[in-house]
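Structure data (mmCIF, C-alpha atoms) from run.cif:
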```cif
data_model
loop_
_atom_site.label_atom_id
_atom_site.label_comp_id
_atom_site.auth_asym_id
_atom_site.auth_seq_id
_atom_site.Cartn_x
_atom_site.Cartn_y
_atom_site.Cartn_z
CA MET A 16 -33.73 18.12 -22.98
CA ALA A 17 -34.81 15.48 -20.48
CA ASP A 18 -33.56 15.72 -16.90
CA THR A 19 -31.08 12.90 -16.38
CA SER A 20 -29.96 13.84 -12.87
CA ALA A 21 -32.09 11.12 -11.31
CA ALA A 22 -30.58 8.53 -13.59
CA ARG A 23 -27.10 9.68 -12.66
CA ALA A 24 -27.73 9.69 -8.92
CA PRO A 25 -25.89 6.92 -7.08
CA ALA A 26 -27.88 3.87 -6.10
CA PRO A 27 -26.57 2.71 -2.71
CA ALA A 28 -28.17 -0.70 -3.00
CA GLY A 29 -26.54 -1.43 -6.33
CA GLN A 30 -23.06 0.02 -6.27
CA SER A 31 -21.87 -1.05 -9.70
CA PHE A 32 -18.25 -1.35 -10.76
CA GLU A 33 -18.78 1.77 -12.89
CA TYR A 34 -20.13 3.66 -9.87
CA ARG A 35 -17.10 2.72 -7.75
CA LEU A 36 -14.69 3.45 -10.60
CA GLN A 37 -16.06 6.99 -10.95
CA ARG A 38 -15.30 7.63 -7.27
CA THR A 39 -11.94 5.90 -7.11
CA PRO A 40 -9.09 8.41 -6.71
CA VAL A 41 -6.79 8.26 -9.74
CA GLY A 42 -3.09 8.94 -9.48
CA VAL A 43 -1.35 10.35 -12.56
CA VAL A 44 2.41 10.07 -13.09
CA LEU A 45 4.28 11.53 -16.06
CA LEU A 46 7.51 9.67 -16.80
CA ASN A 47 10.47 10.66 -18.90
CA ALA A 48 11.75 8.19 -21.48
CA ASP A 49 14.39 6.97 -18.97
CA LEU A 50 11.57 6.16 -16.47
CA THR A 51 12.38 8.99 -14.07
CA ILE A 52 9.34 10.86 -12.76
CA ARG A 53 8.63 14.21 -14.42
CA SER A 54 5.58 15.18 -12.37
CA VAL A 55 2.70 13.68 -10.37
CA ASN A 56 -0.74 14.71 -9.21
CA PRO A 57 -1.59 14.83 -5.44
CA VAL A 58 -3.24 11.38 -5.48
CA ALA A 59 -0.15 9.72 -6.95
CA MET A 60 1.98 11.52 -4.37
CA ARG A 61 -0.09 10.00 -1.55
CA LEU A 62 -0.06 6.54 -3.13
CA LEU A 63 3.62 6.32 -4.00
CA ALA A 64 5.71 8.64 -1.86
CA PRO A 65 6.84 7.83 1.69
CA PRO A 66 6.21 10.80 4.01
CA GLY A 67 8.50 13.68 3.19
CA GLN A 68 9.95 12.20 0.00
CA LYS A 69 9.89 14.13 -3.28
CA LEU A 70 9.18 12.15 -6.44
CA ALA A 71 10.53 14.40 -9.20
CA GLY A 72 13.57 12.76 -10.80
CA VAL A 73 13.07 9.43 -8.99
CA ASP A 74 13.19 6.21 -11.00
CA ILE A 75 9.65 4.80 -10.92
CA LEU A 76 10.97 1.25 -10.44
CA SER A 77 12.73 2.20 -7.20
CA LEU A 78 9.36 2.89 -5.54
CA HIS A 79 8.27 -0.75 -5.83
CA PRO A 80 9.42 -3.73 -3.76
CA ASP A 81 11.80 -6.16 -5.47
CA GLU A 82 9.08 -8.69 -6.26
CA ALA A 83 7.00 -6.09 -8.12
CA ARG A 84 9.71 -4.35 -10.15
CA GLU A 85 9.73 -6.97 -12.90
CA LYS A 86 5.99 -6.51 -13.38
CA VAL A 87 6.27 -2.75 -13.59
CA ALA A 88 9.20 -2.94 -16.01
CA PHE A 89 7.24 -5.42 -18.15
CA LEU A 90 4.21 -3.12 -18.07
CA ILE A 91 6.23 -0.14 -19.32
CA GLU A 92 8.05 -2.17 -21.97
CA ARG A 93 4.72 -3.49 -23.26
CA ALA A 94 3.45 0.08 -23.61
CA ARG A 95 6.69 1.04 -25.35
CA THR A 96 6.38 -1.71 -27.96
CA SER A 97 2.64 -2.39 -28.36
CA ALA A 98 0.76 -1.14 -31.38
CA ASP A 99 -1.67 1.03 -29.40
CA GLY A 100 0.97 2.16 -26.90
CA THR A 101 -0.94 1.06 -23.80
CA SER A 102 -0.79 -1.71 -21.21
CA SER A 103 -2.23 -2.39 -17.75
CA LEU A 104 -1.68 -4.67 -14.80
CA VAL A 105 -2.17 -5.01 -11.05
CA VAL A 106 1.04 -4.36 -9.14
CA THR A 107 1.88 -4.40 -5.43
CA THR A 108 3.62 -1.49 -3.75
CA ALA A 109 4.42 -0.64 -0.20
CA MET A 110 1.11 1.17 -0.08
CA GLY A 111 -0.91 -1.86 -1.22
CA SER A 112 -2.18 -3.24 -4.51
CA LEU A 113 -2.77 -0.85 -7.41
CA ILE A 114 -4.16 -1.07 -10.93
CA ALA A 115 -1.62 0.65 -13.15
CA LYS A 116 -2.24 1.65 -16.75
CA ILE A 117 0.57 2.98 -18.94
CA SER A 118 0.24 5.03 -22.13
CA ARG A 119 3.19 5.80 -24.41
CA LEU A 120 3.79 9.48 -25.18
CA GLU A 121 5.26 10.48 -28.53
CA GLU A 122 5.21 13.54 -30.79
CA THR A 123 4.56 11.52 -33.96
CA PRO A 124 3.82 7.82 -34.53
CA ASP A 125 7.24 7.37 -36.12
CA GLY A 126 9.15 9.56 -33.68
CA PRO A 127 11.04 8.60 -30.53
CA VAL A 128 9.24 7.83 -27.29
CA GLU A 129 9.00 11.06 -25.29
CA GLY A 130 7.89 9.37 -22.09
CA PHE A 131 4.91 7.66 -20.50
CA CYS A 132 1.73 8.54 -18.63
CA MET A 133 0.90 6.18 -15.75
CA MET A 134 -2.58 6.17 -14.22
CA ILE A 135 -3.00 4.30 -10.95
CA HIS A 136 -6.11 3.27 -9.06
CA ALA A 137 -5.81 2.09 -5.43
CA LEU A 138 -7.65 -1.14 -4.66
CA ALA A 139 -8.47 -0.14 -1.11
CA GLU A 140 -12.25 -0.02 -1.19
CA ALA A 141 -14.04 -2.57 0.94
CA PRO A 142 -16.06 -5.20 -0.93
CA VAL A 143 -19.65 -4.30 -1.78
CA MET A 144 -22.19 -6.11 0.34
CA GLY A 145 -23.71 -9.02 -1.50
CA ARG A 146 -20.77 -9.44 -3.88
CA THR A 147 -18.50 -12.45 -3.75
CA ARG A 148 -14.74 -12.43 -4.09
CA ALA A 149 -15.16 -13.99 -7.50
CA ASP A 150 -17.42 -11.10 -8.55
CA ASP A 151 -14.81 -8.56 -7.44
CA ALA A 152 -12.04 -10.44 -9.19
CA ASP A 153 -14.04 -10.37 -12.43
CA ALA A 154 -14.68 -6.64 -12.02
CA LEU A 155 -10.97 -6.02 -11.61
CA ALA A 156 -10.04 -7.55 -14.96
CA VAL A 157 -8.37 -4.79 -16.98
CA ASP A 158 -7.63 -4.96 -20.72
CA GLY A 159 -8.21 -8.69 -20.65
CA LEU A 160 -5.64 -9.32 -17.92
CA ALA A 161 -6.97 -11.46 -15.06
CA VAL A 162 -6.09 -9.95 -11.71
CA ALA A 163 -7.69 -12.46 -9.37
CA GLY A 164 -4.39 -13.11 -7.62
CA GLU A 165 -3.75 -13.18 -3.91
CA ALA A 166 -2.53 -9.57 -3.79
CA ALA A 167 -5.78 -8.26 -5.30
CA MET A 168 -7.87 -10.32 -2.92
CA LYS A 169 -5.92 -9.03 0.07
CA ALA A 170 -6.36 -5.45 -1.11
CA LEU A 171 -10.11 -5.98 -1.32
CA CYS A 172 -10.18 -7.45 2.20
CA PRO A 173 -8.09 -5.28 4.55
CA LEU A 174 -7.18 -6.95 7.83
CA MET A 175 -9.62 -6.10 10.63
CA LYS A 176 -8.70 -8.87 13.09
CA LEU A 177 -5.26 -10.17 13.98
CA PRO A 178 -4.86 -13.95 14.45
CA LEU A 179 -2.99 -15.05 17.58
CA GLN A 180 -1.83 -18.56 18.34
CA GLY A 181 -3.63 -20.05 21.34
CA LYS A 182 -3.50 -23.46 22.96
CA GLY A 183 -3.69 -26.45 20.65
CA ASP A 184 -5.50 -25.60 17.44
CA LEU A 185 -7.23 -22.53 18.90
CA ILE A 186 -6.68 -19.29 16.95
CA SER A 187 -7.64 -16.20 18.92
CA LEU A 188 -8.64 -12.99 17.14
CA ILE A 189 -8.18 -9.44 18.40
CA ASP A 190 -9.04 -6.08 16.83
CA VAL A 191 -6.05 -4.63 15.00
CA ASN A 192 -6.55 -1.36 16.91
CA GLU A 193 -5.47 -3.17 20.08
CA VAL A 194 -2.05 -3.90 18.61
CA VAL A 195 0.72 -1.58 19.83
CA CYS A 196 3.43 -2.99 17.59
CA LEU A 197 4.44 -6.09 15.66
CA VAL A 198 7.91 -7.57 15.88
CA ALA A 199 9.40 -9.95 13.31
CA GLN A 200 10.31 -13.32 14.81
CA GLY A 201 11.78 -15.40 11.99
CA HIS A 202 9.01 -16.15 9.48
CA TYR A 203 6.31 -15.05 11.91
CA ALA A 204 5.57 -12.11 14.20
CA GLU A 205 5.07 -11.23 17.84
CA ALA A 206 2.08 -9.01 18.53
CA ARG A 207 2.38 -6.65 21.49
CA THR A 208 -0.82 -5.12 22.82
CA LEU A 209 -1.34 -2.71 25.73
CA HIS A 210 -1.44 -5.56 28.24
CA PHE A 211 0.09 -8.71 26.75
CA SER A 212 2.22 -10.20 23.99
CA ALA A 213 1.34 -13.18 21.81
CA PHE A 214 2.62 -15.13 18.82
CA CYS A 215 1.03 -14.26 15.45
CA PRO A 216 1.37 -17.02 12.81
CA ARG A 217 1.83 -14.56 9.94
CA PRO A 218 5.04 -12.98 8.54
CA LEU A 219 5.58 -9.29 9.23
CA ALA A 220 5.71 -8.42 5.50
CA ASP A 221 2.29 -9.99 4.95
CA LEU A 222 0.81 -8.13 7.91
CA GLU A 223 2.24 -4.86 6.64
CA ARG A 224 0.47 -5.32 3.30
CA ARG A 225 -2.84 -6.10 4.99
CA LEU A 226 -2.92 -3.38 7.67
CA ASP A 227 -3.95 0.26 7.22
CA PRO A 228 -0.75 2.13 6.22
CA ALA A 229 -2.12 5.32 7.77
CA LEU A 230 -1.90 3.66 11.21
CA PHE A 231 0.70 0.90 10.94
CA VAL A 232 4.11 2.19 9.90
CA ARG A 233 7.28 0.19 9.23
CA VAL A 234 9.95 2.04 11.21
CA HIS A 235 12.56 -0.73 11.18
CA ARG A 236 13.05 -3.98 9.30
CA ARG A 237 11.84 -5.86 12.39
CA TYR A 238 9.17 -3.46 13.70
CA LEU A 239 5.75 -2.32 12.52
CA VAL A 240 4.18 0.19 14.93
CA ASN A 241 0.66 1.46 15.47
CA ILE A 242 1.14 5.23 15.43
CA ARG A 243 -1.84 5.66 17.78
CA HIS A 244 0.10 3.88 20.52
CA VAL A 245 3.37 5.82 20.31
CA ARG A 246 3.91 7.48 23.70
CA ALA A 247 7.24 9.25 23.11
CA ALA A 248 10.12 9.68 20.68
CA ALA A 249 13.68 10.02 21.90
CA ARG A 250 17.18 10.42 20.53
CA GLU A 251 20.05 8.69 22.29
CA ASP A 252 23.65 8.41 21.08
CA GLY A 253 22.62 9.70 17.67
CA ALA A 254 19.89 7.06 17.17
CA TRP A 255 16.13 7.50 17.42
CA HIS A 256 13.64 5.18 19.07
CA LEU A 257 9.93 5.22 19.90
CA VAL A 258 8.48 4.43 23.31
CA MET A 259 5.23 2.53 22.97
CA ALA A 260 2.19 2.67 25.28
CA ASP A 261 2.18 -0.99 26.36
CA THR A 262 2.86 -1.90 29.99
CA ALA A 263 6.43 -2.93 29.09
CA GLN A 264 6.99 0.47 27.43
CA THR A 265 8.58 -1.24 24.43
CA ARG A 266 11.41 0.79 22.92
CA VAL A 267 11.30 0.48 19.13
CA PRO A 268 14.40 1.46 17.13
CA VAL A 269 13.89 3.70 14.09
CA SER A 270 16.05 2.88 11.08
CA ARG A 271 18.30 5.73 9.97
CA GLY A 272 16.53 5.95 6.61
CA LYS A 273 13.14 6.25 8.33
CA VAL A 274 14.02 8.94 10.86
CA GLU A 275 13.06 12.04 8.84
CA ALA A 276 9.75 10.55 7.72
CA ILE A 277 8.84 9.51 11.28
CA ARG A 278 9.83 12.88 12.72
CA ARG A 279 7.57 14.62 10.20
CA LEU A 280 4.75 12.19 10.92
CA LEU A 281 4.98 12.81 14.67
CA ALA A 282 5.95 16.50 14.40
CA VAL A 283 9.03 16.04 16.61
#
```
Taking this structure as input, can you express it in the form of C-alpha cells?
Amino acid sequence: MADTSAARAPAPAGQSFEYRLQRTPVGVVLLNADLTIRSVNPVAMRLLAPPGQKLAGVDILSLHPDEAREKVAFLIERARTSADGTSSLVVTTAMGSLIAKISRLEETPDGPVEGFCMMIHALAEAPVMGRTRADDADALAVDGLAVAGEAAMKALCPLMKLPLQGKGDLISLIDVNEVVCLVAQGHYAEARTLHFSAFCPRPLADLERRLDPALFVRVHRRYLVNIRHVRAAAREDGAWHLVMADTAQTRVPVSRGKVEAIRRLLAV
C-alpha cells in the first residue's frame, strides 16, 4: 500500500476549507423531543454555557439571544419535517456566530421523533491570508444556504482595534487590549482605558459580539469589562462590583444574575 502520509500532511501555504474544517472544534448537543438538552460534549459546553451553568435539562432556545431564537426554532422544525431529517444554518449566540446542523433522531422512519442531534462549528478562525471575504462567504455555504450575512463576516474578522471619535471626521484607533471597560451610552459606548476615556461610535451589543469573549465579559447590561484590567472585587450592601485598573478606579456593578459566574471566573 502506498504511503499517503505526505499527501495528508497540512500545506500551510494553501489552507483549504477542508483543511480548516478538519481542525475546527465541533460541539455536539443531544436534544430531547421537547428541545431540552439531554447531553453535550465538552466543546458544546464551552460554546454555549456561561461560566458555571449546567446545560442538562435547559431549553436550547433559551441559550440564544432573542433575535436568533426564531432561526434556531426554524432550523429544528425543518429537521423535524424534512424528508432527510436534516437542516443547517448560521446562527448568532452570545459566544459569536456558529454553523449549526440538526439531524432528527427516530427509532423507525414511521415512529415518533425521539429527539435531535445538533452539531455546531464556531466561526472564530481568522481569515486565511490571500483569501477575500467573498471567498470565505462562499466556503461557509452549508447545504445550499448562503451565509454571507453580516454576522458571519464579523465572526471571520474579530475586532482588533477599537474606533474612537476624534475631532471632526477623525476616527482614532486603539488596540482592544488597552480598553479597561466599555460603558453603554444610549446607542453608542464610552471606552475607558488606563489613562483616558473616549466616545466609541458603536453600540455595546455590537462590540460584545466582535470582541474576544475570553477577555471581554458582560457583567451588567451597561458594562463590558476586560478581565485583564480588573483590580479588585468587592461586596457592599449585598451587591457586588468590580474595581478596574484605570486611573479613575471605575467601579463596575455586577448584575445579580452574573455574580456566581464572575466569582468563579475570578476565583473570589
| message | Taking 2 positions as the minimum chain separation for residues in the same chain, which residues sit within 9 Å of Phe211 of chain A when counting only C-alpha atoms? Answer as a PyMOL selection string. | response | chain A and resi 206-209+213+261-263
Starting from the shown file, work through the PyMOL selection byres ((chain A and resi 205) around 12) and note down what comes out as a short mmCIF file (atom, residue, chain, number, x, y, z; two decimals) with C-alpha atoms, in the frame of the given file.
```cif
data_model
loop_
_atom_site.label_atom_id
_atom_site.label_comp_id
_atom_site.auth_asym_id
_atom_site.auth_seq_id
_atom_site.Cartn_x
_atom_site.Cartn_y
_atom_site.Cartn_z
CA LEU A 177 -5.26 -10.17 13.98
CA PRO A 178 -4.86 -13.95 14.45
CA LEU A 179 -2.99 -15.05 17.58
CA GLN A 180 -1.83 -18.56 18.34
CA VAL A 194 -2.05 -3.90 18.61
CA VAL A 195 0.72 -1.58 19.83
CA CYS A 196 3.43 -2.99 17.59
CA LEU A 197 4.44 -6.09 15.66
CA VAL A 198 7.91 -7.57 15.88
CA ALA A 199 9.40 -9.95 13.31
CA GLN A 200 10.31 -13.32 14.81
CA GLY A 201 11.78 -15.40 11.99
CA HIS A 202 9.01 -16.15 9.48
CA TYR A 203 6.31 -15.05 11.91
CA ALA A 204 5.57 -12.11 14.20
CA ALA A 206 2.08 -9.01 18.53
CA ARG A 207 2.38 -6.65 21.49
CA THR A 208 -0.82 -5.12 22.82
CA PHE A 211 0.09 -8.71 26.75
CA SER A 212 2.22 -10.20 23.99
CA ALA A 213 1.34 -13.18 21.81
CA PHE A 214 2.62 -15.13 18.82
CA CYS A 215 1.03 -14.26 15.45
CA PRO A 216 1.37 -17.02 12.81
CA ARG A 217 1.83 -14.56 9.94
CA PRO A 218 5.04 -12.98 8.54
CA LEU A 219 5.58 -9.29 9.23
CA LEU A 222 0.81 -8.13 7.91
CA ARG A 237 11.84 -5.86 12.39
CA TYR A 238 9.17 -3.46 13.70
CA LEU A 239 5.75 -2.32 12.52
CA VAL A 240 4.18 0.19 14.93
#
```
| task | Would you mind telling me which residue in A:Ala220, A:Asn192, A:Val267, A:His210 lies nearest to Asn241 of chain A when using all atoms listed in the file? | result |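 So, comparing all the options, the nearest one is A:Asn192.
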| message | Here is a test: counting all atoms listed in the file, which residue of A:His256, A:His136, A:Arg61, A:Arg95 is nearest to Ile114 of chain A? | response |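 The shortest atom-to-atom distance to Ile114 of chain A comes from A:His136.
What the PyMOL selection byres ((chain A and resi 57) around 12) picks from this file is A:Pro40, A:Val41, A:Gly42, A:Val43, A:Val44, A:Ser54, A:Val55, A:Asn56, A:Val58, A:Ala59, A:Met60, A:Arg61, A:Leu62, A:Leu63, A:Ala64, A:Lys69, A:Leu70, A:Ile135.
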| task | Using atom CA of Ala276 of chain A and atom CA of Arg233 of chain A as the two end points, give the distance in Å to one decimal. | result |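 Atom CA of Ala276 of chain A sits 10.8 Å away from atom CA of Arg233 of chain A.
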| task | Take atom CA of Thr101 of chain A and atom CA of Glu121 of chain A and report the distance between them in Å, one decimal. | result | 12.2 Å
| message | Using only C-alpha atoms, can you tell me which of A:Ile186, A:Ala48, A:Met133, A:Leu280 comes closest to Ile242 of chain A? | response | A:Leu280
| task | Check the smallest atom-to-atom distance from each of A:Leu120, A:Leu226, A:Ile75, A:Ala254 to Gly272 of chain A using all atoms listed in the file, then report the winner. | result |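 Smallest distance to Gly272 of chain A is found for A:Ala254.
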| said: As an exercise, work out the distance from atom CA of Ala88 of chain A to atom CA of Ile52 of chain A in Å and give it to one decimal place. | reply: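 Between atom CA of Ala88 of chain A and atom CA of Ile52 of chain A the gap is 14.2 Å.
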